[in-house]
$ cat work-v7.pdb   # PDB, C-alpha atoms
MODEL        1
ATOM      1  CA  MET A 228      40.502 -79.665 104.710
ATOM      2  CA  GLY A 229      39.448 -76.164 105.607
ATOM      3  CA  ARG A 230      38.921 -73.773 102.751
ATOM      4  CA  ASP A 231      39.674 -74.727  99.145
ATOM      5  CA  LEU A 232      40.077 -71.890  96.708
ATOM      6  CA  TRP A 233      40.006 -71.839  92.946
ATOM      7  CA  ALA A 234      41.171 -69.002  90.711
ATOM      8  CA  GLY A 235      40.697 -69.403  87.001
ATOM      9  CA  ARG A 236      38.632 -69.903  83.897
ATOM     10  CA  SER A 237      37.506 -73.526  83.928
ATOM     11  CA  ARG A 238      34.839 -75.441  85.862
ATOM     12  CA  TRP A 239      35.556 -77.576  88.905
ATOM     13  CA  SER A 240      33.508 -79.901  91.116
ATOM     14  CA  PHE A 241      35.352 -79.487  94.434
ATOM     15  CA  SER A 242      32.335 -77.490  95.610
ATOM     16  CA  ARG A 243      30.430 -80.733  96.198
ATOM     17  CA  LYS A 244      32.750 -81.529  99.083
ATOM     18  CA  TYR A 245      34.770 -78.433  99.924
ATOM     19  CA  ASP A 246      34.335 -74.719 100.421
ATOM     20  CA  VAL A 247      35.254 -73.153  97.064
ATOM     21  CA  THR A 248      35.591 -69.537  95.984
ATOM     22  CA  ALA A 249      36.155 -68.558  92.355
ATOM     23  CA  PHE A 250      37.838 -65.303  91.352
ATOM     24  CA  ASP A 251      37.704 -63.725  87.890
ATOM     25  CA  LEU A 252      37.538 -60.272  86.346
ATOM     26  CA  ASP A 253      34.450 -61.216  84.299
ATOM     27  CA  PHE A 254      31.288 -61.252  86.425
ATOM     28  CA  ALA A 255      29.263 -62.901  83.652
ATOM     29  CA  ARG A 256      31.646 -65.863  83.604
ATOM     30  CA  LEU A 257      31.412 -66.161  87.358
ATOM     31  CA  LYS A 258      27.608 -66.124  87.290
ATOM     32  CA  GLU A 259      27.557 -68.845  84.638
ATOM     33  CA  MET A 260      29.894 -70.938  86.772
ATOM     34  CA  GLN A 261      27.679 -70.434  89.799
ATOM     35  CA  ARG A 262      24.614 -71.369  87.758
ATOM     36  CA  GLN A 263      26.166 -74.742  86.995
ATOM     37  CA  PHE A 264      27.672 -75.185  90.470
ATOM     38  CA  PRO A 265      25.506 -73.239  92.956
ATOM     39  CA  ALA A 266      27.722 -74.020  95.959
ATOM     40  CA  ILE A 267      30.646 -72.045  94.504
ATOM     41  CA  ARG A 268      31.105 -68.574  95.937
ATOM     42  CA  ILE A 269      32.130 -65.976  93.382
ATOM     43  CA  ARG A 270      34.199 -62.822  93.700
ATOM     44  CA  VAL A 271      35.163 -60.292  91.032
ATOM     45  CA  ALA A 272      38.884 -59.603  91.204
ATOM     46  CA  ASN A 273      41.608 -58.281  88.924
ATOM     47  CA  LEU A 274      44.135 -61.134  89.045
ATOM     48  CA  ALA A 275      46.676 -58.999  87.176
ATOM     49  CA  ASP A 276      47.081 -56.997  90.413
ATOM     50  CA  PRO A 277      49.509 -58.821  92.773
ATOM     51  CA  LYS A 278      47.991 -57.106  95.829
ATOM     52  CA  LYS A 279      44.528 -58.360  94.874
ATOM     53  CA  VAL A 280      45.876 -61.864  94.314
ATOM     54  CA  ARG A 281      47.588 -61.950  97.690
ATOM     55  CA  ALA A 282      44.347 -60.868  99.324
ATOM     56  CA  CYS A 283      42.325 -63.476  97.437
ATOM     57  CA  VAL A 284      44.422 -66.422  98.612
ATOM     58  CA  GLN A 285      44.518 -65.476 102.304
ATOM     59  CA  GLY A 286      43.338 -68.479 104.335
ATOM     60  CA  ALA A 287      43.247 -70.877 101.382
ATOM     61  CA  ASP A 288      44.515 -74.442 101.656
ATOM     62  CA  LEU A 289      44.687 -75.032  97.896
ATOM     63  CA  VAL A 290      44.860 -72.602  94.987
ATOM     64  CA  MET A 291      44.097 -73.671  91.409
ATOM     65  CA  LEU A 292      45.443 -71.096  88.980
ATOM     66  CA  ALA A 293      44.272 -70.881  85.361
ATOM     67  CA  VAL A 294      45.025 -67.402  84.053
ATOM     68  CA  PRO A 295      46.337 -66.567  80.553
ATOM     69  CA  GLY A 296      50.034 -67.258  80.065
ATOM     70  CA  PHE A 297      51.106 -63.629  79.701
ATOM     71  CA  MET A 298      50.112 -62.981  83.330
ATOM     72  CA  GLY A 299      50.742 -66.482  84.717
ATOM     73  CA  PHE A 300      54.214 -66.059  86.205
ATOM     74  CA  LYS A 301      53.510 -62.866  88.131
ATOM     75  CA  THR A 302      50.150 -64.188  89.309
ATOM     76  CA  LEU A 303      51.745 -67.407  90.530
ATOM     77  CA  GLU A 304      54.431 -65.414  92.323
ATOM     78  CA  ALA A 305      51.732 -63.347  94.051
ATOM     79  CA  VAL A 306      49.913 -66.542  95.079
ATOM     80  CA  ILE A 307      53.126 -67.895  96.615
ATOM     81  CA  ASP A 308      53.649 -64.599  98.453
ATOM     82  CA  GLY A 309      50.081 -64.592  99.785
ATOM     83  CA  LEU A 310      49.743 -68.202 100.919
ATOM     84  CA  GLU A 311      50.458 -69.394 104.423
ATOM     85  CA  PRO A 312      53.234 -72.008 104.863
ATOM     86  CA  TRP A 313      52.586 -75.665 104.009
ATOM     87  CA  LYS A 314      49.766 -74.914 101.529
ATOM     88  CA  SER A 315      49.519 -76.004  97.873
ATOM     89  CA  VAL A 316      49.165 -74.548  94.376
ATOM     90  CA  VAL A 317      48.230 -76.267  91.116
ATOM     91  CA  ASP A 318      48.786 -74.161  88.004
ATOM     92  CA  ILE A 319      47.802 -74.626  84.358
ATOM     93  CA  SER A 320      48.962 -71.252  82.987
ATOM     94  CA  PHE A 321      51.160 -71.492  79.886
ATOM     95  CA  PHE A 322      53.634 -68.763  80.827
ATOM     96  CA  PRO A 323      56.983 -68.302  79.038
ATOM     97  CA  GLU A 324      59.112 -67.670  82.140
ATOM     98  CA  ASP A 325      61.100 -70.379  83.918
ATOM     99  CA  PRO A 326      58.955 -71.604  86.864
ATOM    100  CA  PHE A 327      62.075 -72.712  88.729
ATOM    101  CA  LEU A 328      62.820 -69.030  89.326
ATOM    102  CA  LEU A 329      60.089 -69.302  91.976
ATOM    103  CA  ASP A 330      61.407 -72.535  93.479
ATOM    104  CA  ALA A 331      63.436 -70.982  96.302
ATOM    105  CA  LYS A 332      60.569 -68.711  97.319
ATOM    106  CA  ALA A 333      58.156 -71.658  97.479
ATOM    107  CA  ARG A 334      60.615 -73.807  99.431
ATOM    108  CA  MET A 335      61.113 -71.085 102.042
ATOM    109  CA  LYS A 336      57.402 -71.363 102.887
ATOM    110  CA  GLN A 337      57.272 -75.165 102.453
ATOM    111  CA  LEU A 338      54.678 -74.786  99.689
ATOM    112  CA  THR A 339      53.912 -77.492  97.153
ATOM    113  CA  VAL A 340      53.626 -75.805  93.743
ATOM    114  CA  VAL A 341      52.763 -77.959  90.731
ATOM    115  CA  VAL A 342      52.975 -76.052  87.437
ATOM    116  CA  ASP A 343      51.735 -76.964  83.940
ATOM    117  CA  CYS A 344      49.367 -79.514  85.450
ATOM    118  CA  GLY A 345      46.990 -80.303  82.596
ATOM    119  CA  VAL A 346      46.661 -83.235  80.227
ATOM    120  CA  ALA A 347      49.983 -82.474  78.552
ATOM    121  CA  PRO A 348      52.060 -81.083  80.046
ATOM    122  CA  GLY A 349      50.727 -82.706  83.180
ATOM    123  CA  MET A 350      49.497 -86.250  82.759
ATOM    124  CA  GLY A 351      52.376 -87.068  80.420
ATOM    125  CA  ASN A 352      54.854 -85.859  83.060
ATOM    126  CA  VAL A 353      53.258 -88.109  85.684
ATOM    127  CA  ILE A 354      53.457 -91.133  83.377
ATOM    128  CA  LEU A 355      57.145 -90.529  82.657
ATOM    129  CA  GLY A 356      57.912 -89.949  86.320
ATOM    130  CA  HIS A 357      56.080 -93.146  87.247
ATOM    131  CA  TYR A 358      58.361 -95.275  85.073
ATOM    132  CA  VAL A 359      61.622 -93.435  85.785
ATOM    133  CA  LEU A 360      61.249 -92.691  89.504
ATOM    134  CA  GLY A 361      58.553 -95.168  90.514
ATOM    135  CA  LYS A 362      59.584 -98.269  88.612
ATOM    136  CA  GLY A 363      63.244 -97.343  88.230
ATOM    137  CA  LEU A 364      63.324 -98.078  84.490
ATOM    138  CA  ARG A 365      66.008 -96.648  82.238
ATOM    139  CA  ILE A 366      64.027 -94.766  79.597
ATOM    140  CA  SER A 367      65.921 -93.851  76.434
ATOM    141  CA  ARG A 368      63.107 -92.033  74.600
ATOM    142  CA  PHE A 369      59.924 -90.201  75.571
ATOM    143  CA  GLU A 370      57.392 -88.803  73.105
ATOM    144  CA  CYS A 371      54.087 -87.085  73.770
ATOM    145  CA  LEU A 372      51.587 -86.253  70.995
ATOM    146  CA  VAL A 373      48.507 -84.336  72.139
ATOM    147  CA  GLY A 374      45.681 -82.172  70.853
ATOM    148  CA  GLY A 375      42.147 -81.024  71.570
ATOM    149  CA  LEU A 376      39.805 -80.746  68.578
ATOM    150  CA  PRO A 377      36.142 -80.186  67.670
ATOM    151  CA  VAL A 378      34.261 -83.160  66.287
ATOM    152  CA  LYS A 379      32.849 -80.987  63.474
ATOM    153  CA  ARG A 380      35.521 -79.747  61.081
ATOM    154  CA  VAL A 381      34.908 -76.205  59.760
ATOM    155  CA  TRP A 382      37.248 -74.620  57.191
ATOM    156  CA  PRO A 383      39.792 -73.036  57.342
ATOM    157  CA  PHE A 384      41.007 -73.781  60.883
ATOM    158  CA  GLU A 385      39.062 -76.959  61.702
ATOM    159  CA  TYR A 386      39.788 -76.023  65.311
ATOM    160  CA  LYS A 387      38.189 -74.458  68.380
ATOM    161  CA  ALA A 388      39.907 -73.203  71.550
ATOM    162  CA  PRO A 389      38.154 -74.374  74.719
ATOM    163  CA  PHE A 390      40.880 -72.568  76.721
ATOM    164  CA  SER A 391      42.688 -69.259  76.247
ATOM    165  CA  PRO A 392      43.170 -68.508  72.505
ATOM    166  CA  VAL A 393      46.069 -66.235  73.491
ATOM    167  CA  ASP A 394      47.988 -69.271  74.685
ATOM    168  CA  VAL A 395      47.109 -71.341  71.625
ATOM    169  CA  VAL A 396      48.706 -68.624  69.499
ATOM    170  CA  GLN A 397      51.764 -68.687  71.755
ATOM    171  CA  GLU A 398      52.142 -72.410  71.068
ATOM    172  CA  TYR A 399      52.538 -71.500  67.403
ATOM    173  CA  LEU A 400      55.065 -68.722  68.085
ATOM    174  CA  ARG A 401      57.425 -69.902  70.825
ATOM    175  CA  PRO A 402      60.471 -71.918  69.752
ATOM    176  CA  ALA A 403      60.061 -75.609  70.568
ATOM    177  CA  ARG A 404      62.644 -77.155  72.888
ATOM    178  CA  TYR A 405      63.543 -80.836  72.672
ATOM    179  CA  VAL A 406      66.114 -83.102  74.232
ATOM    180  CA  GLU A 407      68.278 -85.085  71.814
ATOM    181  CA  ASN A 408      71.183 -87.176  73.120
ATOM    182  CA  SER A 409      70.916 -85.347  76.465
ATOM    183  CA  HIS A 410      71.281 -81.927  74.787
ATOM    184  CA  VAL A 411      68.569 -79.294  74.509
ATOM    185  CA  VAL A 412      67.742 -78.587  70.869
ATOM    186  CA  THR A 413      65.575 -75.660  69.774
ATOM    187  CA  LYS A 414      63.423 -75.848  66.655
ATOM    188  CA  PRO A 415      60.816 -73.478  65.194
ATOM    189  CA  ALA A 416      57.247 -74.055  66.274
ATOM    190  CA  LEU A 417      55.113 -75.769  63.583
ATOM    191  CA  SER A 418      58.167 -77.555  62.153
ATOM    192  CA  ASP A 419      58.749 -81.283  61.489
ATOM    193  CA  CYS A 420      55.150 -81.977  60.481
ATOM    194  CA  GLU A 421      54.179 -85.638  60.266
ATOM    195  CA  LEU A 422      50.974 -87.636  59.873
ATOM    196  CA  VAL A 423      50.019 -89.969  62.718
ATOM    197  CA  ASN A 424      47.144 -92.436  62.773
ATOM    198  CA  PHE A 425      44.831 -92.955  65.746
ATOM    199  CA  ASP A 426      42.197 -95.671  65.841
ATOM    200  CA  SER A 427      39.796 -93.317  67.618
ATOM    201  CA  VAL A 428      39.884 -90.375  65.169
ATOM    202  CA  GLY A 429      41.910 -91.397  62.100
ATOM    203  CA  THR A 430      44.883 -89.473  60.759
ATOM    204  CA  LEU A 431      46.063 -86.278  62.477
ATOM    205  CA  GLU A 432      48.987 -83.949  61.818
ATOM    206  CA  ALA A 433      51.691 -83.554  64.494
ATOM    207  CA  PHE A 434      54.098 -80.604  64.658
ATOM    208  CA  ASN A 435      56.673 -79.167  67.047
ATOM    209  CA  THR A 436      55.552 -77.083  70.015
ATOM    210  CA  ASP A 437      57.208 -76.150  73.303
ATOM    211  CA  GLY A 438      55.388 -78.710  75.435
ATOM    212  CA  LEU A 439      58.141 -80.505  77.331
ATOM    213  CA  ARG A 440      58.334 -77.579  79.746
ATOM    214  CA  THR A 441      59.670 -78.626  83.187
ATOM    215  CA  LEU A 442      60.706 -82.084  81.930
ATOM    216  CA  ILE A 443      63.706 -80.405  80.300
ATOM    217  CA  THR A 444      64.968 -79.505  83.760
ATOM    218  CA  THR A 445      63.768 -82.465  85.799
ATOM    219  CA  MET A 446      64.362 -85.363  83.391
ATOM    220  CA  LYS A 447      67.152 -84.378  80.984
ATOM    221  CA  SER A 448      69.766 -86.300  82.951
ATOM    222  CA  GLU A 449      67.484 -89.353  83.176
ATOM    223  CA  VAL A 450      65.960 -89.490  79.686
ATOM    224  CA  PRO A 451      68.342 -88.591  76.833
ATOM    225  CA  ASN A 452      65.645 -88.130  74.162
ATOM    226  CA  MET A 453      62.363 -86.304  74.752
ATOM    227  CA  LYS A 454      59.901 -84.824  72.291
ATOM    228  CA  GLU A 455      56.441 -83.234  72.379
ATOM    229  CA  LYS A 456      54.170 -82.381  69.460
ATOM    230  CA  THR A 457      50.723 -80.854  69.060
ATOM    231  CA  LEU A 458      47.998 -82.590  67.038
ATOM    232  CA  ARG A 459      45.557 -80.984  64.605
ATOM    233  CA  TYR A 460      43.430 -82.150  61.704
ATOM    234  CA  PRO A 461      45.712 -82.552  58.666
ATOM    235  CA  GLY A 462      45.766 -80.037  55.865
ATOM    236  CA  SER A 463      44.249 -76.589  56.184
ATOM    237  CA  HIS A 464      44.940 -75.723  59.840
ATOM    238  CA  ILE A 465      48.714 -75.793  59.841
ATOM    239  CA  GLN A 466      48.907 -74.253  56.367
ATOM    240  CA  THR A 467      46.592 -71.411  57.384
ATOM    241  CA  ILE A 468      48.626 -70.666  60.517
ATOM    242  CA  LYS A 469      51.895 -70.720  58.543
ATOM    243  CA  ALA A 470      50.426 -68.327  55.971
ATOM    244  CA  MET A 471      49.279 -65.963  58.726
ATOM    245  CA  LYS A 472      52.771 -66.002  60.226
ATOM    246  CA  ALA A 473      54.364 -65.419  56.831
ATOM    247  CA  VAL A 474      52.396 -62.224  56.149
ATOM    248  CA  GLY A 475      53.005 -60.818  59.628
ATOM    249  CA  LEU A 476      49.621 -61.296  61.280
ATOM    250  CA  PHE A 477      51.347 -62.520  64.448
ATOM    251  CA  SER A 478      53.932 -59.725  64.501
ATOM    252  CA  GLU A 479      54.482 -57.900  67.794
ATOM    253  CA  MET A 480      55.868 -54.818  66.023
ATOM    254  CA  PRO A 481      53.292 -51.973  66.111
ATOM    255  CA  ILE A 482      52.072 -50.624  62.794
ATOM    256  CA  GLN A 483      50.648 -47.151  62.279
ATOM    257  CA  MET A 484      47.028 -46.893  61.140
ATOM    258  CA  PRO A 485      45.632 -44.137  58.849
ATOM    259  CA  ASP A 486      44.153 -42.340  61.891
ATOM    260  CA  GLY A 487      47.584 -42.155  63.514
ATOM    261  CA  SER A 488      46.990 -44.861  66.105
ATOM    262  CA  LYS A 489      49.352 -47.813  66.449
ATOM    263  CA  VAL A 490      48.370 -51.438  66.863
ATOM    264  CA  ARG A 491      50.201 -54.739  67.079
ATOM    265  CA  PRO A 492      49.038 -57.220  64.429
ATOM    266  CA  LEU A 493      49.309 -59.978  67.061
ATOM    267  CA  ASP A 494      46.722 -58.257  69.262
ATOM    268  CA  VAL A 495      44.265 -57.773  66.403
ATOM    269  CA  THR A 496      44.693 -61.327  65.151
ATOM    270  CA  THR A 497      44.221 -62.765  68.624
ATOM    271  CA  GLU A 498      41.010 -60.797  69.148
ATOM    272  CA  ILE A 499      39.649 -62.106  65.846
ATOM    273  CA  LEU A 500      40.614 -65.688  66.681
ATOM    274  CA  LYS A 501      38.860 -65.435  70.045
ATOM    275  CA  THR A 502      35.603 -65.196  68.108
ATOM    276  CA  VAL A 503      36.481 -67.612  65.301
ATOM    277  CA  TRP A 504      37.740 -70.280  67.712
ATOM    278  CA  LYS A 505      34.919 -69.953  70.249
ATOM    279  CA  SER A 506      32.997 -73.187  70.723
ATOM    280  CA  GLU A 507      29.255 -73.172  70.132
ATOM    281  CA  PRO A 508      26.981 -74.116  73.057
ATOM    282  CA  ASN A 509      27.009 -77.902  73.529
ATOM    283  CA  GLU A 510      29.540 -78.333  70.691
ATOM    284  CA  ASN A 511      31.230 -81.718  70.904
ATOM    285  CA  GLU A 512      34.994 -81.877  71.187
ATOM    286  CA  PHE A 513      37.622 -84.426  72.135
ATOM    287  CA  THR A 514      41.175 -84.706  73.428
ATOM    288  CA  VAL A 515      43.570 -87.258  71.988
ATOM    289  CA  MET A 516      47.014 -88.061  73.377
ATOM    290  CA  ARG A 517      49.680 -90.690  72.793
ATOM    291  CA  VAL A 518      52.571 -91.102  75.235
ATOM    292  CA  THR A 519      55.352 -93.454  74.120
ATOM    293  CA  LEU A 520      58.332 -94.582  76.200
ATOM    294  CA  GLU A 521      61.205 -96.729  74.984
ATOM    295  CA  THR A 522      63.565 -98.425  77.425
ATOM    296  CA  GLU A 523      67.290 -98.946  76.943
ATOM    297  CA  SER A 524      66.524-102.625  76.307
ATOM    298  CA  ASN A 525      64.234-101.625  73.383
ATOM    299  CA  LYS A 526      60.993-102.394  75.196
ATOM    300  CA  TRP A 527      58.063-100.096  74.521
ATOM    301  CA  VAL A 528      55.308 -98.660  76.677
ATOM    302  CA  ALA A 529      52.508 -96.689  75.013
ATOM    303  CA  TYR A 530      49.425 -94.930  76.354
ATOM    304  CA  ASP A 531      46.620 -93.760  74.076
ATOM    305  CA  LEU A 532      44.013 -91.390  75.512
ATOM    306  CA  PHE A 533      40.764 -90.394  73.827
TER
ENDMDL
END
$ encode --input "work-v7.pdb" --output "structure tokens"
Amino acid sequence: MGRDLWAGRSRWSFSRKYDVTAFDLDFARLKEMQRQFPAIRIRVANLADPKKVRACVQGADLVMLAVPGFMGFKTLEAVIDGLEPWKSVVDISFFPEDPFLLDAKARMKQLTVVVDCGVAPGMGNVILGHYVLGKGLRISRFECLVGGLPVKRVWPFEYKAPFSPVDVVQEYLRPARYVENSHVVTKPALSDCELVNFDSVGTLEAFNTDGLRTLITTMKSEVPNMKEKTLRYPGSHIQTIKAMKAVGLFSEMPIQMPDGSKVRPLDVTTEILKTVWKSEPNENEFTVMRVTLETESNKWVAYDLF
């Protein structure tokens, strides 16, 4: 398969079989990755620089992209520009821009670009596509409930962020898009809270987030009702986040400090949460997901993941 390349912030085991290079701005992260997977080659690179990105992906057969959402779209565009024709990209960046804006550019080079390819969005999309396109079933309703949580609950958040805390915050800020009766409906993030029981972990709280992503474009004409919600421990987490939003701690409007400098509350809050939400070494966590599909003949298909 030639040379496989990986750009991002999570671990991967392709190095056991393929030639893998990891790029990141943080040398300490790269060294830790190499300690766990000695076969991985590491390179320090500023992935916010499109020229650097294009240089990094030269000669790669496969790029795995896992940068923070605020830089995801431009980084993905640079990857597409830098790759040779007929190569592939898998992306897990939670960027706000429409990925289909890059569709024509990818098609011109015959690239396969799979965006939002995680557990959800990602696995849930594959399940829905399997029943609609693979089995040819007429699905009337699709729902995905998903969340990653620490086993140990610590007040007030009862949460840790194993991936970018910046993007977790964005889940709580971006309006949530749903499909109801084949129409796109927008609701505030964190709205429509409900309690849901799981045999594996007990009762969790589900609330609206913008997790349908590309399904809104690819499946709206096929599935008239689609919904995605995020799962957290019930009680203090959602109430704490709502209180922080209410007092402006996620505001993007700069405020002037006594020394004359200006800061955005969102930036300060995010920096604090990076520390508060950081997992301890060897801290146990889990992912739970429930995907439910209802056919037009009122038959149900449900997948529970733990």
$ residues_around --input "work-v7.pdb" --residues "Val396 of chain A" --least-positions-apart "6" --cutoff "12 Å" --atoms "only C-alpha atoms" --output "list in words"
Pro295, Gly296, Phe297, Phe321, Ala388, Phe390, Ala416, Leu417, Thr436, Asp437, Ile468, Lys469, Met471, Lys472, Leu476, Phe477, Ser478, Leu493, Asp494, Thr496, Thr497, Glu498, Ile499, Leu500, Lys501 and Trp504 of chain A
$ residues_around --input "work-v7.pdb" --residues "Ala529 of chain A" --least-positions-apart "6" --cutoff "9 Å" --atoms "all atoms listed in the file" --output "list of chain:residue names"
A:Arg517, A:Val518, A:Thr519, A:Leu520, A:Glu521
$ write_last_selection --input "work-v7.pdb" --atoms "C-alpha atoms" --output "mmCIF file, keeping the file's coordinate frame"
data_model
loop_
_atom_site.group_PDB
_atom_site.id
_atom_site.type_symbol
_atom_site.label_atom_id
_atom_site.label_comp_id
_atom_site.auth_asym_id
_atom_site.auth_seq_id
_atom_site.Cartn_x
_atom_site.Cartn_y
_atom_site.Cartn_z
ATOM 1 C CA ARG A 517 49.680 -90.690 72.793
ATOM 2 C CA VAL A 518 52.571 -91.102 75.235
ATOM 3 C CA THR A 519 55.352 -93.454 74.120
ATOM 4 C CA LEU A 520 58.332 -94.582 76.200
ATOM 5 C CA GLU A 521 61.205 -96.729 74.984
#
$ residues_around --input "work-v7.pdb" --residues "Leu376 of chain A" --least-positions-apart "5" --cutoff "10 Å" --atoms "all atoms listed in the file" --output "CSV table (one decimal) with C-alpha atoms, in the frame of the given file"
chain,number,residue,atom,x,y,z
A,385,GLU,CA,39.1,-77.0,61.7
A,386,TYR,CA,39.8,-76.0,65.3
A,387,LYS,CA,38.2,-74.5,68.4
A,388,ALA,CA,39.9,-73.2,71.6
A,389,PRO,CA,38.2,-74.4,74.7
A,458,LEU,CA,48.0,-82.6,67.0
A,459,ARG,CA,45.6,-81.0,64.6
A,460,TYR,CA,43.4,-82.2,61.7
A,511,ASN,CA,31.2,-81.7,70.9
A,512,GLU,CA,35.0,-81.9,71.2
A,513,PHE,CA,37.6,-84.4,72.1
A,514,THR,CA,41.2,-84.7,73.4
A,515,VAL,CA,43.6,-87.3,72.0
$ atom_distance --input "work-v7.pdb" --atom1 "atom CA of Gly375 of chain A" --atom2 "atom CA of Lys454 of chain A"
18.2 Å
$ closest_residue --input "work-v7.pdb" --among "A:Val247, A:Val306, A:Val503, A:Ile319" --to "Ala275 of chain A" --atoms "only C-alpha atoms"
A:Val306
$ resolve_selection --input "work-v7.pdb" --expression "the PyMOL selection byres ((chain A and resi 302) around 9)" --output "list in words"
Leu274, Ala275, Asp276, Pro277, Val280, Leu292, Val294, Met298, Gly299, Phe300, Lys301, Leu303, Glu304, Ala305, Val306 and Ile307 of chain A
$ closest_residue --input "work-v7.pdb" --among "A:Asn509, A:Thr522, A:Asn273, A:Ser240" --to "Gln261 of chain A" --atoms "only C-alpha atoms"
A:Ser240
$ atom_distance --input "work-v7.pdb" --atom1 "atom CA of Val373 of chain A" --atom2 "atom CA of His357 of chain A"
19.1 Å
$ residues_around --input "work-v7.pdb" --residues "segment 349-356 of chain A" --least-positions-apart "6" --cutoff "9 Å" --atoms "all atoms listed in the file" --output "PyMOL selection string"
chain A and resi 319+342-343+362+366+369+371+439+441-442+446+516-518+520+530
$ write_last_selection --input "work-v7.pdb" --atoms "C-alpha atoms" --output "CSV table (one decimal), in the frame of the given file"
chain,number,residue,atom,x,y,z
A,319,ILE,CA,47.8,-74.6,84.4
A,342,VAL,CA,53.0,-76.1,87.4
A,343,ASP,CA,51.7,-77.0,83.9
A,362,LYS,CA,59.6,-98.3,88.6
A,366,ILE,CA,64.0,-94.8,79.6
A,369,PHE,CA,59.9,-90.2,75.6
A,371,CYS,CA,54.1,-87.1,73.8
A,439,LEU,CA,58.1,-80.5,77.3
A,441,THR,CA,59.7,-78.6,83.2
A,442,LEU,CA,60.7,-82.1,81.9
A,446,MET,CA,64.4,-85.4,83.4
A,516,MET,CA,47.0,-88.1,73.4
A,517,ARG,CA,49.7,-90.7,72.8
A,518,VAL,CA,52.6,-91.1,75.2
A,520,LEU,CA,58.3,-94.6,76.2
A,530,TYR,CA,49.4,-94.9,76.4
$ residues_around --input "work-v7.pdb" --residues "Cys420 of chain A" --least-positions-apart "6" --cutoff "8 Å" --atoms "all atoms listed in the file" --output "JSON, numbers by chain"
{"A": [432, 433, 434, 435]}
$ residues_near_point --input "work-v7.pdb" --point "(59.0, -71.0, 95.8)" --cutoff "12 Å" --atoms "all atoms listed in the file" --output "PyMOL selection string"
chain A and resi 300+303-310+312-316+326-342
$ closest_residue --input "work-v7.pdb" --among "A:Pro508, A:Pro451, A:Gly345, A:Pro323" --to "Gly374 of chain A" --atoms "all atoms listed in the file"
A:Gly345
$ build_atoms --input "work-v7.pdb" --residues "segment 296-310 of chain A" --atoms "N, CA and C atoms" --output "short mmCIF file (atom, residue, chain, number, x, y, z; two decimals), in the coordinates of the input"
data_model
loop_
_atom_site.label_atom_id
_atom_site.label_comp_id
_atom_site.auth_asym_id
_atom_site.auth_seq_id
_atom_site.Cartn_x
_atom_site.Cartn_y
_atom_site.Cartn_z
N GLY A 296 48.60 -67.11 79.88
CA GLY A 296 50.03 -67.26 80.06
C GLY A 296 50.78 -65.96 80.27
N PHE A 297 50.34 -64.88 79.62
CA PHE A 297 51.11 -63.63 79.70
C PHE A 297 51.10 -63.04 81.12
N MET A 298 50.15 -63.46 81.96
CA MET A 298 50.11 -62.98 83.33
C MET A 298 50.35 -64.11 84.34
N GLY A 299 50.65 -65.32 83.85
CA GLY A 299 50.74 -66.48 84.72
C GLY A 299 51.86 -66.42 85.74
N PHE A 300 53.06 -66.04 85.31
CA PHE A 300 54.21 -66.06 86.20
C PHE A 300 54.04 -65.09 87.37
N LYS A 301 53.67 -63.86 87.06
CA LYS A 301 53.51 -62.87 88.13
C LYS A 301 52.34 -63.22 89.04
N THR A 302 51.28 -63.79 88.48
CA THR A 302 50.15 -64.19 89.31
C THR A 302 50.54 -65.33 90.23
N LEU A 303 51.29 -66.30 89.70
CA LEU A 303 51.74 -67.41 90.53
C LEU A 303 52.67 -66.91 91.64
N GLU A 304 53.54 -65.97 91.31
CA GLU A 304 54.43 -65.41 92.32
C GLU A 304 53.63 -64.74 93.43
N ALA A 305 52.57 -64.01 93.06
CA ALA A 305 51.73 -63.35 94.05
C ALA A 305 50.99 -64.36 94.92
N VAL A 306 50.57 -65.47 94.31
CA VAL A 306 49.91 -66.54 95.08
C VAL A 306 50.88 -67.10 96.12
N ILE A 307 52.11 -67.37 95.69
CA ILE A 307 53.13 -67.90 96.62
C ILE A 307 53.37 -66.91 97.75
N ASP A 308 53.44 -65.62 97.42
CA ASP A 308 53.65 -64.60 98.45
C ASP A 308 52.48 -64.53 99.44
N GLY A 309 51.26 -64.77 98.95
CA GLY A 309 50.08 -64.59 99.78
C GLY A 309 49.69 -65.80 100.61
N LEU A 310 50.14 -66.99 100.22
CA LEU A 310 49.74 -68.20 100.92
C LEU A 310 50.48 -68.36 102.24
#
